[in-house]
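Participant: Structure below; questions to follow.
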Amino acid sequence: MAQNKTGFFALHKQQCKQSLTDMMRRPLGNILTLAVLAFALTLPASFYLFAKNVTMVAQVWQSPTQMTVYLEPAISAGQAKQLHNELAAWPEIADLESISPEQGLAEFRQQAGFEQALSLLDDNPLPAVLIIKPTEAWQMDAKATDLASRLRVQNGVDEVRLDSDWLQRLAAIKQLVIILAMIISGLMLFAVFLVVGNTLRLQVLNQRDEIQVMKLVGATDSFILRPYLYTGVWYGVIGGVAAWLLTALVAMLLDGAVANLADLYDSPFRMIGLGWDESLILLMISAFLGLLAARLSAGRHLKEIEPI
């Protein structure tokens with residue numbers, strides 16, 4: 001029994017090595033096929049990487065909902081202070097910060113770099129601002145909107161803006177990127193399946209005479225099919241490794257641009273590449289596609305070939 005198992009695994013090992021050797025005997029055609037597979041696998045991997053980084057950005061920037069309350073330009077400093085004290089006593093508000101027109105103008109000069117242009121203004125055009133952070137229970141969309149409506153009717157309030165609006169837009173963009181990545185990934189993986197299946201179909205047709213002789217001497221379809229299955233797996237694995245290298249190159253090329261964009265927003269975020277588990281999944285998916293394509297395409301054509 002042990003010898004049978006040893007012989008079984010030895011036969012599989014021999015056929016696996018032989019299929020790789022046969023691929024190396026046809027370098028030009030196989031290199032072109034592997035290049036197509038590598039690029040076809042790189043596209044969904046790159047889209048997944050893009051969706052992953054967009055999701056990470058959305059998670060990093062998911063700050064609690066804030067409200068920016070712009071006071072009327074004619075309101076005095078005393079009235080602004082009184083409104084600050086009244087709102088600070090509200091149980092719905094966890095934190096409240098006041099920014100005077102002078103502070104706002106000073107910050108604007110430092111951040112925007114328009115100091116010379118602002119110095120030409122006779123009056124300060126900026127209003128007093130209150131930065132409000134609601135309590136956790138009032139950070140939900142419905143309650144935050146209700147709180148904003150209550151703030152708008154207060155005396156001295158000119159406008160109220162929910163700072164969570166851009167987070168909702170970012171979430172919508174993230175959802176769009178994920179759906180787009182899934183669609184393109186599905187199409188490109190199906191293209192990989194077709195390329196491997198068509199390549200092995202042509203190999204079966206080119207070796208038609210050899211297959212007929214093997215069937216004449218009693219070889220079963222499963223025995224004849226096994227080298228094609230290993231060839232399909234080799235196509236998938238080698239194409240997956242090449243796709244991983246290309247995806248890593250894409251991540252390296254984008255890292256500088258992502259870093260520059262993040263620095264503009266004072267963010268430490270950097271491009272995140274594929275992890276070891278994601279790389280393993282990429283190789284497993286590509287190998288499985290190669291195996292499945294070989295099983296369906298080569299297996300069907302083997303059944304059509306009968307000994308003369």
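Residue numbers start at 1 in each chain; chains themselves are named A, B, ... in the order of the structure tokens; ligands are numbered from 1 in the order shown.
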Which residues, written as a PyMOL selection string, have at least one atom at most 9 Å from Phe39 in chain A, with only C-alpha atoms counted and residues fewer than 4 positions away on the same chain left out?

Facilitator: chain A and resi 34-35+43+239+242-243+246

Participant: If you keep C-alpha atoms, can you produce a file of those selected residues as a JSON list (two decimals), in the first residue's frame?

Facilitator:
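Final file, out-v6.json:
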[["chain", "number", "residue", "atom", "x", "y", "z"],
["A", 34, "LEU", "CA", 2.63, 34.35, -19.82],
["A", 35, "ALA", "CA", 3.01, 38.06, -20.62],
["A", 43, "LEU", "CA", -5.01, 44.94, -13.77],
["A", 239, "GLY", "CA", 1.59, 34.50, -14.44],
["A", 242, "ALA", "CA", 4.81, 38.10, -12.71],
["A", 243, "ALA", "CA", 1.58, 39.96, -11.87],
["A", 246, "LEU", "CA", 4.21, 44.26, -11.76]]

Participant: Could you list, as JSON, numbers by chain, every residue within 10 Å of Pro91 in chain A, counting only C-alpha atoms and ignoring same-chain residues fewer than 3 positions away?

Facilitator: {"A": [87, 88, 94, 134, 135, 138]}

Participant: List as a PyMOL selection string the protein and nucleic acid residues near range 267-281 of chain A, meaning an atom at most 7 Å away when only C-alpha atoms are counted, but skip any in the same chain fewer than 3 places from it.

Facilitator: chain A and resi 49+53+244+248+251+255+258-259+262-263+284-285

Participant: For the selection you just gave me, I'd like the residues written to a file as an mmCIF file, in the first residue's frame, keeping all heavy atoms.

Facilitator:
data_model
loop_
_atom_site.group_PDB
_atom_site.id
_atom_site.type_symbol
_atom_site.label_atom_id
_atom_site.label_comp_id
_atom_site.auth_asym_id
_atom_site.auth_seq_id
_atom_site.Cartn_x
_atom_site.Cartn_y
_atom_site.Cartn_z
ATOM 1 N N LEU A 49 -5.634 46.983 -5.221
ATOM 2 C CA LEU A 49 -4.718 47.806 -4.429
ATOM 3 C C LEU A 49 -5.245 49.229 -4.308
ATOM 4 O O LEU A 49 -5.183 49.844 -3.232
ATOM 5 C CB LEU A 49 -3.338 47.792 -5.084
ATOM 6 C CG LEU A 49 -2.150 48.220 -4.224
ATOM 7 C CD1 LEU A 49 -1.973 47.260 -3.063
ATOM 8 C CD2 LEU A 49 -0.883 48.257 -5.067
ATOM 9 N N ASN A 53 -6.410 51.054 -0.782
ATOM 10 C CA ASN A 53 -5.861 52.312 -0.272
ATOM 11 C C ASN A 53 -6.941 53.368 -0.088
ATOM 12 O O ASN A 53 -6.879 54.157 0.864
ATOM 13 C CB ASN A 53 -4.764 52.819 -1.214
ATOM 14 C CG ASN A 53 -3.440 52.106 -1.028
ATOM 15 O OD1 ASN A 53 -2.591 52.535 -0.265
ATOM 16 N ND2 ASN A 53 -3.269 51.000 -1.725
ATOM 17 N N TRP A 244 2.333 39.788 -9.566
ATOM 18 C CA TRP A 244 2.699 40.336 -8.257
ATOM 19 C C TRP A 244 3.859 41.314 -8.384
ATOM 20 O O TRP A 244 3.854 42.387 -7.759
ATOM 21 C CB TRP A 244 3.064 39.205 -7.312
ATOM 22 C CG TRP A 244 3.414 39.671 -5.933
ATOM 23 C CD1 TRP A 244 2.563 39.881 -4.890
ATOM 24 C CD2 TRP A 244 4.730 40.009 -5.441
ATOM 25 N NE1 TRP A 244 3.249 40.335 -3.783
ATOM 26 C CE2 TRP A 244 4.583 40.428 -4.085
ATOM 27 C CE3 TRP A 244 5.993 40.004 -6.003
ATOM 28 C CZ2 TRP A 244 5.662 40.812 -3.307
ATOM 29 C CZ3 TRP A 244 7.083 40.400 -5.231
ATOM 30 C CH2 TRP A 244 6.904 40.797 -3.894
ATOM 31 N N ALA A 248 3.668 45.273 -7.558
ATOM 32 C CA ALA A 248 4.608 45.922 -6.635
ATOM 33 C C ALA A 248 5.285 47.111 -7.311
ATOM 34 O O ALA A 248 5.504 48.160 -6.673
ATOM 35 C CB ALA A 248 5.652 44.913 -6.161
ATOM 36 N N ALA A 251 2.833 49.963 -7.351
ATOM 37 C CA ALA A 251 2.753 50.574 -6.019
ATOM 38 C C ALA A 251 3.948 51.481 -5.756
ATOM 39 O O ALA A 251 3.803 52.570 -5.182
ATOM 40 C CB ALA A 251 2.657 49.487 -4.950
ATOM 41 N N ASP A 255 3.769 55.547 -5.150
ATOM 42 C CA ASP A 255 4.023 55.933 -3.764
ATOM 43 C C ASP A 255 4.450 57.395 -3.655
ATOM 44 O O ASP A 255 4.004 58.112 -2.759
ATOM 45 C CB ASP A 255 5.099 55.019 -3.163
ATOM 46 C CG ASP A 255 5.338 55.327 -1.698
ATOM 47 O OD1 ASP A 255 4.412 55.140 -0.893
ATOM 48 O OD2 ASP A 255 6.456 55.765 -1.349
ATOM 49 N N VAL A 258 1.389 59.645 -4.240
ATOM 50 C CA VAL A 258 0.482 59.569 -3.089
ATOM 51 C C VAL A 258 1.062 60.335 -1.904
ATOM 52 O O VAL A 258 0.331 61.025 -1.176
ATOM 53 C CB VAL A 258 0.217 58.101 -2.713
ATOM 54 C CG1 VAL A 258 -0.539 58.004 -1.395
ATOM 55 C CG2 VAL A 258 -0.576 57.411 -3.820
ATOM 56 N N ALA A 259 2.372 60.224 -1.697
ATOM 57 C CA ALA A 259 3.014 60.939 -0.591
ATOM 58 C C ALA A 259 2.900 62.449 -0.770
ATOM 59 O O ALA A 259 2.624 63.181 0.188
ATOM 60 C CB ALA A 259 4.479 60.518 -0.482
ATOM 61 N N ALA A 262 -0.688 63.424 -0.028
ATOM 62 C CA ALA A 262 -0.976 63.344 1.402
ATOM 63 C C ALA A 262 -0.338 64.505 2.164
ATOM 64 O O ALA A 262 -0.926 65.026 3.119
ATOM 65 C CB ALA A 262 -0.486 62.012 1.962
ATOM 66 N N ASP A 263 0.849 64.925 1.740
ATOM 67 C CA ASP A 263 1.525 66.041 2.417
ATOM 68 C C ASP A 263 0.732 67.338 2.260
ATOM 69 O O ASP A 263 0.760 68.202 3.152
ATOM 70 C CB ASP A 263 2.938 66.216 1.854
ATOM 71 C CG ASP A 263 3.857 65.074 2.251
ATOM 72 O OD1 ASP A 263 3.539 64.374 3.238
ATOM 73 O OD2 ASP A 263 4.878 64.865 1.565
ATOM 74 N N MET A 284 -2.995 31.788 -5.501
ATOM 75 C CA MET A 284 -3.976 30.702 -5.438
ATOM 76 C C MET A 284 -5.074 30.889 -6.479
ATOM 77 O O MET A 284 -5.488 29.926 -7.139
ATOM 78 C CB MET A 284 -4.573 30.623 -4.033
ATOM 79 C CG MET A 284 -3.599 30.173 -2.957
ATOM 80 S SD MET A 284 -4.303 30.231 -1.290
ATOM 81 C CE MET A 284 -5.659 29.056 -1.462
ATOM 82 N N ILE A 285 -5.548 32.127 -6.640
ATOM 83 C CA ILE A 285 -6.602 32.387 -7.628
ATOM 84 C C ILE A 285 -6.087 32.131 -9.033
ATOM 85 O O ILE A 285 -6.766 31.501 -9.862
ATOM 86 C CB ILE A 285 -7.124 33.827 -7.485
ATOM 87 C CG1 ILE A 285 -7.906 33.985 -6.181
ATOM 88 C CG2 ILE A 285 -8.003 34.202 -8.674
ATOM 89 C CD1 ILE A 285 -8.387 35.399 -5.926
#

Participant: Hey, can you check how far CA of Gly197 in chain A sits from CA of Lys303 in chain A?

Facilitator: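 Interatomic distance, CA of Gly197 in chain A to CA of Lys303 in chain A: 15.4 Å.
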
Participant: Please provide the set of residues having any atom within 10 Å of Phe190 in chain A, restricted to only C-alpha atoms, with same-chain residues fewer than 4 positions apart removed, written as a PyMOL selection string.

Facilitator: chain A and resi 40+184-186+194-195+289+293

Participant: What does the distance between CA of Ala128 in chain A and CA of Leu96 in chain A come to in Å, to one decimal place?

Facilitator: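 Spanning CA of Ala128 in chain A to CA of Leu96 in chain A is a straight-line distance of 13.2 Å.
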
Participant: Show me, as number ranges by chain, the residues that have an atom within 8 Å of Gln15 in chain A when counting only C-alpha atoms, minus same-chain residues fewer than 4 positions from it.

Facilitator: A: 11, 19, 226-227, 230

Participant: Taking 2 positions as the minimum chain separation for residues in the same chain, which residues sit within 10 Å of Glu72 in chain A when counting only C-alpha atoms? Answer as a ChimeraX atom specification.

Facilitator: /A:69-70,74-76,80,126-129,155-159
